[in-house]
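Undergrad: So I've got this file, protein.txt, and it contains compact mmCIF, C-alpha atoms and all ligand atoms:
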# COMPACT_ATOMS: atom_id res chain seq x y z
CA MET A 6 0.00 0.00 0.00
CA ALA A 7 2.10 2.84 -1.31
CA ARG A 8 1.47 6.26 0.08
CA GLU A 9 1.62 9.43 -1.96
CA LYS A 10 4.72 11.51 -2.20
CA TYR A 11 4.52 15.12 -1.30
CA LYS A 12 4.50 17.38 -4.37
CA GLY A 13 3.05 20.58 -2.95
CA GLY A 14 4.93 23.74 -2.13
CA ARG A 15 8.65 24.16 -2.55
CA SER A 16 10.30 20.76 -2.55
CA HIS A 17 12.76 20.14 0.20
CA ALA A 18 15.47 19.16 -2.29
CA GLU A 19 15.20 22.66 -3.68
CA THR A 20 15.53 24.25 -0.24
CA VAL A 21 18.49 22.09 0.64
CA ASP A 22 20.26 22.65 -2.67
CA ARG A 23 19.95 26.39 -2.29
CA LYS A 24 21.79 26.16 0.99
CA GLY A 25 24.53 23.93 -0.38
CA LEU A 26 23.72 20.63 1.28
CA GLY A 27 22.83 19.24 -2.14
CA ARG A 28 26.54 19.07 -2.79
CA LEU A 29 26.95 16.69 0.11
CA ARG A 30 23.98 14.66 -0.93
CA ARG A 31 25.30 14.28 -4.46
CA SER A 32 28.52 12.91 -3.03
CA ALA A 33 26.65 10.34 -0.97
CA GLU A 34 26.29 6.77 -2.14
CA LYS A 35 22.68 6.84 -3.29
CA PRO A 36 22.07 10.48 -4.16
CA VAL A 37 19.65 9.83 -6.98
CA GLY A 38 17.32 7.85 -4.77
CA ARG A 39 17.15 10.55 -2.16
CA GLU A 40 16.71 13.45 -4.53
CA SER A 41 14.24 11.68 -6.73
CA ASN A 42 12.31 10.87 -3.61
CA TRP A 43 11.85 14.49 -2.76
CA GLU A 44 11.05 15.40 -6.30
CA GLY A 45 8.42 12.72 -6.57
CA ARG A 46 9.92 10.65 -9.36
CA HIS A 47 9.52 6.91 -9.34
CA GLU A 48 12.79 5.33 -10.49
CA ASP A 49 13.98 4.60 -6.97
CA ASP A 50 11.29 3.80 -4.50
CA THR A 51 13.56 1.79 -2.24
CA PHE A 52 14.30 4.74 -0.03
CA VAL A 53 10.66 5.60 0.48
CA GLU A 54 9.71 2.00 1.06
CA SER A 55 12.45 1.42 3.59
CA HIS A 56 11.42 4.57 5.40
CA GLY A 57 7.77 3.63 5.12
CA HIS A 58 8.63 0.51 7.06
CA ARG A 59 10.73 2.59 9.41
CA GLU A 60 13.89 0.62 8.88
CA ARG A 61 17.05 2.37 9.90
CA PRO A 62 18.60 3.93 6.80
CA SER A 63 22.24 3.34 6.01
CA HIS A 64 24.49 6.36 6.42
CA THR A 65 28.10 7.42 6.05
CA GLY A 66 29.00 6.11 9.50
CA GLU A 67 27.63 2.66 8.74
CA ARG A 68 29.63 2.52 5.55
CA LEU A 69 32.66 3.65 7.52
CA ILE A 70 32.25 0.98 10.17
CA ALA A 71 31.70 -1.70 7.51
CA ARG A 72 34.86 -0.60 5.76
CA PHE A 73 36.79 -0.47 9.01
CA ASN A 74 35.65 -3.97 9.91
CA ARG A 75 36.55 -5.32 6.48
CA LEU A 76 40.06 -3.88 6.79
CA ALA A 77 40.44 -4.87 10.45
CA GLY A 78 39.24 -8.39 9.65
CA LEU A 79 42.08 -8.80 7.18
CA GLY A 80 44.46 -8.51 10.10
CA ALA A 81 43.24 -11.77 11.65
CA ALA A 82 43.59 -10.52 15.23
CA GLN A 83 43.62 -14.06 16.58
CA SER A 84 46.97 -14.85 14.99
CA ALA A 85 48.61 -11.46 15.55
CA PRO A 86 51.47 -11.30 18.04
CA GLY A 87 51.01 -9.62 21.40
CA VAL A 88 48.43 -9.64 24.15
CA ALA A 89 44.79 -8.53 24.19
CA GLY A 90 44.18 -4.92 25.15
CA GLU A 91 41.98 -1.95 24.47
CA ILE A 92 42.58 1.65 23.51
CA SER A 93 42.06 3.64 26.72
CA GLY A 94 43.16 7.06 25.55
CA THR A 95 43.82 9.10 22.42
CA GLU A 96 45.32 12.51 21.95
CA GLY A 97 46.53 13.70 18.62
CA ASN A 98 48.30 10.69 17.16
CA GLY A 99 49.19 9.35 20.60
CA LEU A 100 47.51 6.25 21.97
CA LEU A 101 47.21 4.72 25.40
CA VAL A 102 46.56 0.99 25.63
CA ARG A 103 45.21 -0.88 28.64
CA THR A 104 46.02 -4.56 29.14
CA SER A 105 45.63 -6.82 32.16
CA ALA A 106 49.24 -5.86 33.00
CA GLY A 107 48.58 -2.11 33.04
CA GLU A 108 48.38 0.96 30.85
CA PHE A 109 51.12 2.29 28.55
CA PRO A 110 51.55 4.48 25.49
CA ALA A 111 51.66 2.66 22.18
CA SER A 112 52.19 3.25 18.51
CA VAL A 113 50.54 1.38 15.67
CA ARG A 114 52.55 -1.09 13.61
CA ARG A 115 53.21 0.35 10.18
CA SER A 116 51.55 -2.49 8.30
CA LEU A 117 48.36 -2.00 10.33
CA THR A 118 48.42 1.77 9.78
CA LYS A 119 48.74 1.15 6.06
CA ARG A 120 45.82 -1.25 6.01
CA ILE A 121 43.33 0.82 7.98
CA GLY A 122 44.87 4.14 6.97
CA GLY A 123 42.01 4.97 4.62
CA VAL A 124 39.78 5.50 7.64
CA ARG A 125 40.03 8.81 9.46
CA ASN A 126 41.06 8.40 13.12
CA PRO A 127 41.89 4.74 12.47
CA LEU A 128 41.85 3.80 16.15
CA ALA A 129 39.48 5.17 18.78
CA VAL A 130 38.98 4.75 22.50
CA GLY A 131 37.25 1.44 23.08
CA ASP A 132 38.87 -0.40 20.17
CA ARG A 133 39.96 -3.95 21.07
CA VAL A 134 43.52 -4.56 19.95
CA HIS A 135 46.47 -6.89 20.12
CA VAL A 136 49.55 -5.17 21.48
CA LEU A 137 53.21 -5.96 22.11
CA PRO A 138 53.97 -4.50 25.55
CA PRO A 139 56.90 -2.04 25.90
CA GLY A 140 60.24 -3.75 25.38
CA ASP A 141 58.77 -6.64 23.39
CA ASP A 142 59.38 -5.14 19.97
CA PRO A 143 63.06 -4.62 19.10
CA ASP A 144 62.18 -1.88 16.58
CA SER A 145 60.39 0.48 18.97
CA PRO A 146 61.31 2.46 22.07
CA SER A 147 61.28 0.45 25.26
CA THR A 148 58.71 2.80 26.84
CA SER A 149 56.10 2.28 24.17
CA GLY A 150 54.03 -0.70 23.07
CA VAL A 151 53.11 -1.61 19.51
CA VAL A 152 49.57 -2.30 18.34
CA THR A 153 49.69 -5.20 15.88
CA ALA A 154 46.02 -5.85 15.15
CA VAL A 155 42.59 -4.38 15.77
CA GLU A 156 39.34 -6.28 16.08
CA PRO A 157 36.19 -5.40 14.16
CA ARG A 158 33.93 -2.87 15.94
CA ARG A 159 30.37 -3.53 16.99
CA ASN A 160 29.48 0.17 16.88
CA GLN A 161 30.98 3.63 17.02
CA LEU A 162 29.99 7.08 18.22
CA GLU A 163 30.84 9.52 15.52
CA ARG A 164 30.34 13.09 14.54
CA VAL A 165 30.40 14.88 11.24
CA ASP A 166 33.21 17.41 10.93
CA SER A 167 31.76 20.89 11.36
CA HIS A 168 34.00 22.33 8.64
CA ASN A 169 33.95 19.48 6.16
CA ARG A 170 30.77 17.51 6.26
CA SER A 171 32.14 14.64 4.21
CA LEU A 172 34.49 13.81 7.10
CA VAL A 173 33.33 11.63 9.95
CA HIS A 174 35.25 11.61 13.23
CA VAL A 175 35.03 8.51 15.36
CA ILE A 176 34.71 9.57 19.00
CA ALA A 177 34.67 6.13 20.62
CA ALA A 178 34.02 2.51 19.67
CA ASN A 179 32.30 -0.57 21.13
CA LEU A 180 29.85 1.26 23.39
CA ASP A 181 26.89 0.11 25.44
CA LEU A 182 25.51 3.49 26.37
CA LEU A 183 25.51 7.24 25.94
CA LEU A 184 24.95 8.81 29.35
CA VAL A 185 23.41 12.24 28.79
CA THR A 186 23.59 14.46 31.87
CA ALA A 187 21.64 17.66 32.48
CA ALA A 188 20.88 19.73 35.54
CA VAL A 189 17.28 20.73 36.23
CA ALA A 190 18.54 24.16 37.38
CA THR A 191 21.76 26.25 37.51
CA PRO A 192 22.30 25.99 34.64
CA GLU A 193 18.80 25.68 33.16
CA PRO A 194 18.55 22.50 31.09
CA ARG A 195 18.92 23.03 27.36
CA ALA A 196 16.28 20.73 25.90
CA GLY A 197 17.63 21.23 22.38
CA LEU A 198 21.09 20.03 23.38
CA ILE A 199 19.69 16.98 25.18
CA ASP A 200 17.66 16.12 22.07
CA ARG A 201 20.73 16.47 19.86
CA TYR A 202 22.66 14.03 22.04
CA LEU A 203 19.73 11.60 21.94
CA LEU A 204 19.54 11.96 18.17
CA LEU A 205 23.27 11.27 17.85
CA ALA A 206 22.93 8.13 19.98
CA ALA A 207 19.94 6.89 18.00
CA TRP A 208 21.69 7.62 14.71
CA CYS A 209 24.76 5.64 15.81
CA GLY A 210 22.57 2.81 17.13
CA ILE A 211 23.76 3.27 20.72
CA PRO A 212 21.27 3.17 23.63
CA ALA A 213 21.03 6.35 25.70
CA VAL A 214 19.83 7.32 29.15
CA LEU A 215 19.16 10.77 30.53
CA VAL A 216 20.30 11.66 34.04
CA LEU A 217 18.74 14.80 35.51
CA THR A 218 20.83 16.15 38.38
CA LYS A 219 20.35 18.84 41.05
CA CYS A 220 16.74 17.73 41.46
CA ASP A 221 16.76 19.05 45.04
CA LEU A 222 16.91 22.61 43.67
CA VAL A 223 13.39 22.71 42.22
CA PRO A 224 9.96 21.48 43.42
CA ALA A 225 9.30 17.77 42.85
CA ALA A 226 6.43 18.61 40.49
CA SER A 227 8.82 20.49 38.19
CA VAL A 228 11.20 17.53 38.11
CA THR A 229 8.31 15.21 37.19
CA GLU A 230 7.17 17.58 34.47
CA LEU A 231 10.67 17.90 33.03
CA ALA A 232 11.37 14.15 33.17
CA ALA A 233 8.05 13.47 31.44
CA ILE A 234 9.32 15.17 28.28
CA TRP A 235 11.86 12.38 27.75
CA ARG A 236 10.36 9.40 29.57
CA THR A 237 8.62 8.14 26.45
CA VAL A 238 11.91 8.30 24.56
CA VAL A 239 14.67 7.06 26.91
CA PRO A 240 15.05 5.89 30.52
CA VAL A 241 15.30 8.96 32.79
CA HIS A 242 17.10 8.96 36.15
CA THR A 243 16.47 11.86 38.52
CA LEU A 244 19.07 12.55 41.17
CA ALA A 245 19.60 15.06 43.92
CA LEU A 246 23.17 14.07 44.78
CA VAL A 247 22.69 15.25 48.32
CA GLY A 248 22.26 12.93 51.25
CA ASP A 249 21.58 9.29 50.62
CA ASP A 250 19.85 9.34 47.25
CA PRO A 251 18.42 5.89 46.43
CA GLY A 252 18.52 6.88 42.76
CA LEU A 253 22.29 6.61 42.87
CA VAL A 254 22.15 2.95 43.77
CA ALA A 255 19.80 2.25 40.88
CA LEU A 256 22.00 4.13 38.42
CA ARG A 257 25.18 2.48 39.71
CA THR A 258 23.60 -0.94 39.22
CA PHE A 259 22.40 0.05 35.77
CA LEU A 260 25.92 1.07 34.71
CA GLN A 261 27.50 -2.15 35.99
CA GLY A 262 29.73 -3.69 33.34
CA LYS A 263 28.73 -1.16 30.65
CA SER A 264 31.02 0.85 28.47
CA CYS A 265 29.57 4.34 28.32
CA VAL A 266 30.37 7.81 27.06
CA ILE A 267 29.30 10.58 29.41
CA CYS A 268 28.16 13.89 27.94
CA GLY A 269 26.29 17.01 28.91
CA GLN A 270 26.58 20.78 28.87
CA SER A 271 29.28 22.21 31.10
CA GLY A 272 28.28 23.05 34.63
CA VAL A 273 25.87 20.14 35.00
CA GLY A 274 28.21 18.55 37.50
CA LYS A 275 29.52 15.58 35.55
CA SER A 276 32.41 15.08 37.95
CA THR A 277 30.14 15.44 41.00
CA LEU A 278 27.84 12.84 39.52
CA VAL A 279 30.65 10.44 38.71
CA ASN A 280 32.19 10.96 42.15
CA ALA A 281 28.89 10.19 43.80
CA LEU A 282 28.49 7.08 41.67
CA PHE A 283 32.07 5.85 41.84
CA PRO A 284 34.03 7.59 44.59
CA GLY A 285 37.53 8.42 43.42
CA THR A 286 36.81 8.36 39.69
CA GLY A 287 35.01 11.66 39.26
CA ALA A 288 37.95 13.89 40.07
CA ARG A 289 39.51 12.95 36.76
CA ILE A 290 36.37 13.34 34.67
CA GLY A 291 36.26 16.59 32.76
CA GLY A 292 40.04 16.77 33.02
CA VAL A 293 40.54 15.80 29.39
CA ALA A 294 42.04 18.91 27.90
CA ASP A 295 40.28 20.88 25.23
CA ALA A 296 43.63 21.10 23.46
CA GLY A 297 42.74 18.42 20.97
CA HIS A 298 39.50 20.10 20.08
CA GLY A 299 40.64 22.23 17.16
CA ARG A 300 39.97 21.87 13.51
CA HIS A 301 43.10 20.05 12.48
CA THR A 302 43.69 17.83 15.47
CA THR A 303 42.19 14.60 16.61
CA VAL A 304 39.89 14.95 19.56
CA SER A 305 41.31 13.54 22.76
CA ALA A 306 39.43 10.98 24.77
CA ARG A 307 40.05 8.91 27.85
CA SER A 308 38.37 5.85 29.31
CA TYR A 309 38.32 5.01 33.02
CA LEU A 310 37.76 1.56 34.46
CA LEU A 311 34.81 1.39 36.82
CA PRO A 312 34.23 -1.11 39.59
CA GLY A 313 32.43 -4.13 38.10
CA ASP A 314 34.33 -3.93 34.78
CA GLY A 315 32.46 -0.95 33.38
CA ARG A 316 34.10 1.85 31.47
CA LEU A 317 33.37 5.54 31.54
CA ILE A 318 34.62 7.50 28.55
CA ASP A 319 35.15 11.22 28.77
CA THR A 320 35.75 13.19 25.60
CA PRO A 321 35.21 16.78 24.55
CA GLY A 322 34.50 15.46 21.04
CA VAL A 323 30.91 14.69 21.83
CA ARG A 324 30.20 18.37 22.56
CA GLU A 325 30.31 19.10 18.87
CA CYS A 326 27.96 16.37 17.85
CA GLY A 327 27.25 17.08 14.24
CA VAL A 328 24.17 15.72 12.59
CA ALA A 329 24.80 17.63 9.39
CA GLY A 330 24.71 14.60 7.11
CA LEU A 331 21.10 13.73 7.95
CA THR A 332 17.95 14.46 5.98
CA PRO A 333 14.76 15.66 7.72
CA VAL A 334 13.30 12.17 7.23
CA ASP A 335 16.37 10.65 8.93
CA VAL A 336 15.97 13.01 11.86
CA ALA A 337 12.26 12.30 12.28
CA LEU A 338 12.85 8.53 12.15
CA HIS A 339 15.34 8.84 15.01
CA TYR A 340 12.91 10.83 17.13
CA PRO A 341 10.92 7.86 18.50
CA ASP A 342 8.05 10.07 19.68
CA LEU A 343 7.66 11.54 16.18
CA ALA A 344 8.47 8.33 14.30
CA ARG A 345 5.62 6.40 15.87
CA HIS A 346 3.13 8.75 14.17
CA GLN A 347 4.95 8.91 10.85
CA PRO A 348 3.19 5.88 9.28
CA HIS A 349 -0.10 7.78 9.57
CA CYS A 350 1.10 10.85 7.68
CA ARG A 351 -0.49 11.19 4.27
CA PHE A 352 2.90 11.44 2.56
CA ALA A 353 5.59 8.82 3.05
CA ASP A 354 8.31 11.47 2.82
CA CYS A 355 6.54 13.90 5.17
CA THR A 356 8.89 16.25 7.00
CA HIS A 357 6.14 17.13 9.51
CA ARG A 358 6.41 20.86 8.97
CA HIS A 359 3.83 22.06 6.52
CA GLU A 360 2.50 19.00 4.69
CA PRO A 361 -1.28 18.43 4.73
CA ASP A 362 -2.68 15.54 6.82
CA CYS A 363 0.47 15.25 8.90
CA ALA A 364 -0.05 12.84 11.80
CA VAL A 365 2.90 14.28 13.71
CA LEU A 366 1.51 17.82 13.66
CA ALA A 367 -1.87 16.43 14.75
CA ALA A 368 -0.25 14.50 17.61
CA ARG A 369 1.62 17.61 18.70
CA ASP A 370 -1.63 19.57 18.70
CA ARG A 371 -3.25 16.88 20.85
CA GLY A 372 -0.33 17.18 23.28
CA GLU A 373 0.98 13.67 22.55
CA ILE A 374 4.36 15.04 21.49
CA ALA A 375 6.11 17.39 23.91
CA ALA A 376 6.27 20.93 22.52
CA SER A 377 10.00 21.17 23.29
CA ARG A 378 10.71 17.92 21.44
CA TYR A 379 8.89 19.15 18.34
CA ALA A 380 10.67 22.51 18.65
CA SER A 381 14.10 20.87 18.78
CA TYR A 382 13.21 18.69 15.79
CA LEU A 383 12.27 21.82 13.83
CA SER A 384 15.40 23.61 14.93
CA ILE A 385 17.61 20.70 13.83
CA VAL A 386 15.87 20.36 10.48
CA ASP A 387 15.67 24.09 9.76
CA GLU A 388 19.00 25.22 11.21
CA ASP A 389 21.53 22.41 11.74
CA LEU A 390 20.86 20.64 8.47
CA GLU A 391 20.67 23.71 6.27
CA THR A 392 22.85 26.48 7.55
CA ARG A 393 25.84 24.78 9.12
ZN ZN B 401 4.03 14.26 8.92
Please rewrite the model in this file as structure tokens.

TA:
Amino acid sequence: MAREKYKGGRSHAETVDRKGLGRLRRSAEKPVGRESNWEGRHEDDTFVESHGHRERPSHTGERLIARFNRLAGLGAAQSAPGVAGEISGTEGNGLLVRTSAGEFPASVRRSLTKRIGGVRNPLAVGDRVHVLPPGDDPDSPSTSGVVTAVEPRRNQLERVDSHNRSLVHVIAANLDLLLVTAAVATPEPRAGLIDRYLLLAAWCGIPAVLVLTKCDLVPAASVTELAAIWRTVVPVHTLALVGDDPGLVALRTFLQGKSCVICGQSGVGKSTLVNALFPGTGARIGGVADAGHGRHTTVSARSYLLPGDGRLIDTPGVRECGVAGLTPVDVALHYPDLARHQPHCRFADCTHRHEPDCAVLAARDRGEIAASRYASYLSIVDEDLETR
């Protein structure tokens, strides 16, 4: 049962091309399908159909991870010399590797660099590797180990370069969770930023949770109201961080054994939260310098071992989460509260802005979609995708 395609008004392809994103789209793998979709032609209905069934579309990051895994697989990690380890820190071209024997700086064996060199930021925090510990390789300095092989990734958190949208930076690999932190007051929570983090997580296929802190600063009813905005989308933990908050125990249990990236606007008390959860760890969180944050350098990142074999990854890279490579349909499909109404829109390629018989707009008017969630969707589609 094919739905109509939207033909009224100015087509979105036209809007996007005017602003220059068309260039990016033409360089993507299936540009014709996407553009013809917006223009209502029929030679490539695959895109519409896959979106009609709400399957996750493939994107640059998925192609990148597939390519990485193909190249990494050639290395046959099982037979590579060295011991098992993981990348626990990156800064510029420097790497830190953690093994059962401890943590040390390491370089990457030339043959491995050559093989995976076509991928930007070939190794990221969280990558599982084989490494020769310092002193084991006669060709390298005795203070540094040598990475000989890397295992395929199961996922990666990535961002699109803000200056060159055809570049994807890998922030971290092999993750179980994106931990989004926000304070309910001082500073006021920025709903748009929270939604961008959640979109990034959904786009990368990584589960997310929202932790609202400083809940003792506002009336309980306000906390409930704020949490309700996101409860239909992700698990929400509300914490006061004063006294003996039972919420801490629940969150600590939840994080047990997980590898997670922590993110949130500055001033939300990330280190206080981490200290409360895992005494002794929080002091170091937020200490990753911004030095690697510039245009031409690799973003630094650091992972910390948590009790119970979890990992907490701190990186400034996630602050610049770029969603520039997405189309409005991609964005809507990764907003679960919007996506669940999308099948009832009259047009399969509805962007939920001005199209007639839009089920999302109707749901928003009935109060079934939080006003702030719809507002952040609009702001991403109208500003992030078109003017950045
Ligand atoms: Zn719609």

Undergrad: Just checking: using only C-alpha atoms, which residue out of A:Ala188, A:Leu183, A:Leu137, A:Ile318 ends up closest to A:Ser93?

TA: A:Ile318

Undergrad: Could you work out how far atom CA of A:Arg68 lies from atom CA of A:His135, giving the answer in Å with one decimal?

TA: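 Interatomic distance, atom CA of A:His135 to atom CA of A:Arg68: 24.2 Å.
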
Undergrad: What are the closest atom pairs, with distances in Å to one decimal, for each residue of chain A lying within 8 Å of ligand ZN 401 (chain B), using all atoms listed in the file, rows by chain and rising residue number, as JSON lines?

TA:
{"residue": "A:His346", "atom": "CA", "partner": "B:ZN401", "partner_atom": "ZN", "distance": 7.7}
{"residue": "A:Gln347", "atom": "CA", "partner": "B:ZN401", "partner_atom": "ZN", "distance": 5.8}
{"residue": "A:His349", "atom": "CA", "partner": "B:ZN401", "partner_atom": "ZN", "distance": 7.7}
{"residue": "A:Cys350", "atom": "CA", "partner": "B:ZN401", "partner_atom": "ZN", "distance": 4.7}
{"residue": "A:Arg351", "atom": "CA", "partner": "B:ZN401", "partner_atom": "ZN", "distance": 7.2}
{"residue": "A:Phe352", "atom": "CA", "partner": "B:ZN401", "partner_atom": "ZN", "distance": 7.0}
{"residue": "A:Asp354", "atom": "CA", "partner": "B:ZN401", "partner_atom": "ZN", "distance": 8.0}
{"residue": "A:Cys355", "atom": "CA", "partner": "B:ZN401", "partner_atom": "ZN", "distance": 4.5}
{"residue": "A:Thr356", "atom": "CA", "partner": "B:ZN401", "partner_atom": "ZN", "distance": 5.6}
{"residue": "A:His357", "atom": "CA", "partner": "B:ZN401", "partner_atom": "ZN", "distance": 3.6}
{"residue": "A:Arg358", "atom": "CA", "partner": "B:ZN401", "partner_atom": "ZN", "distance": 7.0}
{"residue": "A:Glu360", "atom": "CA", "partner": "B:ZN401", "partner_atom": "ZN", "distance": 6.5}
{"residue": "A:Pro361", "atom": "CA", "partner": "B:ZN401", "partner_atom": "ZN", "distance": 7.9}
{"residue": "A:Asp362", "atom": "CA", "partner": "B:ZN401", "partner_atom": "ZN", "distance": 7.1}
{"residue": "A:Cys363", "atom": "CA", "partner": "B:ZN401", "partner_atom": "ZN", "distance": 3.7}
{"residue": "A:Ala364", "atom": "CA", "partner": "B:ZN401", "partner_atom": "ZN", "distance": 5.2}
{"residue": "A:Val365", "atom": "CA", "partner": "B:ZN401", "partner_atom": "ZN", "distance": 4.9}
{"residue": "A:Leu366", "atom": "CA", "partner": "B:ZN401", "partner_atom": "ZN", "distance": 6.4}

Undergrad: Using atom CA of A:Tyr340 and atom CA of A:Leu204 as the two end points, give the distance in Å to one decimal.

TA: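 Atom CA of A:Tyr340 sits 6.8 Å away from atom CA of A:Leu204.
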
Undergrad: Using all atoms listed in the file, which residues sit within 9 Å of stretch 209-214 of chain A once same-chain residues fewer than 3 positions away are excluded, as a list of chain:residue names?

TA: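 The contact residues come out as A:Gly66, A:Glu67, A:Asn160, A:Gln161, A:Leu162, A:Glu163, A:Leu180, A:Asp181, A:Leu182, A:Leu183, A:Leu184, A:Val185, A:Thr186, A:Tyr202, A:Leu203, A:Leu204, A:Leu205, A:Ala206, A:Val239, A:Pro240, A:Val241, A:His242.
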
Undergrad: At a cut-off of 10 Å, using all atoms listed in the file, what residues contact A:Pro86? Leave out same-chain residues fewer than 3 positions from it and give the result as a PyMOL selection string.

TA: chain A and resi 82-83+89+135-137+151-154

Undergrad: Would you please work out which residue, of A:Ala368, A:Leu128, A:Ala376, A:Val279, is nearest to A:Val266 when using only C-alpha atoms?

TA: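 Smallest distance to A:Val266 is found for A:Val279.
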
Undergrad: As a PyMOL selection string, please: the residues near A:Ala337 (cut-off 12 Å, only C-alpha atoms, same-chain neighbours under 4 positions excluded).

TA: chain A and resi 56+59+61-62+200+204+207-208+331-333+341-348+353-358+365+378-379+381-383+385-386

Undergrad: Counting all atoms listed in the file, which of A:Leu101, A:Ala281, A:Leu69, A:Val254 gets nearest to A:Tyr309?

TA: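 Between A:Leu101, A:Ala281, A:Leu69, A:Val254, the residue approaching A:Tyr309 most closely is A:Leu101.
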
Undergrad: Between A:Val247, A:Ala380, A:Ala106, A:Ala367, which is the closest to A:Leu198 once you count only C-alpha atoms?

TA: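 Among A:Val247, A:Ala380, A:Ala106, A:Ala367, it is A:Ala380 that comes nearest to A:Leu198.
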
Undergrad: Using only C-alpha atoms, which of A:Leu76, A:Ala306, A:Leu256, A:Val189 sits nearest A:Leu117?

TA: A:Leu76

Undergrad: Considering all atoms listed in the file, return as a list in words whatever protein or nucleic-acid residues lie within 12 Å of A:Arg257, sequence-local ones (same chain, fewer than 6 positions apart) excluded.

TA: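 Returned residues: Val216, His242, Leu244, Asp250, Pro251, Lys263, Leu278, Val279, Asn280, Ala281, Leu282, Phe283, Pro284, Leu311, Pro312, Gly313, Gly315 and Leu317 of chain A.
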
Undergrad: Go ahead and compute the interatomic distance for atom CA of A:Val165 and atom CA of A:Ser305, in Å to one decimal.

TA: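 Atom CA of A:Ser305 lies at a distance of 15.9 Å from atom CA of A:Val165.
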
Undergrad: Taking only C-alpha atoms into account, which of A:Gly274, A:Gly90, A:Gly78, A:Pro224 comes nearest A:Arg120?

TA: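 Answer, going by the shortest atom-to-atom distance: A:Gly78.
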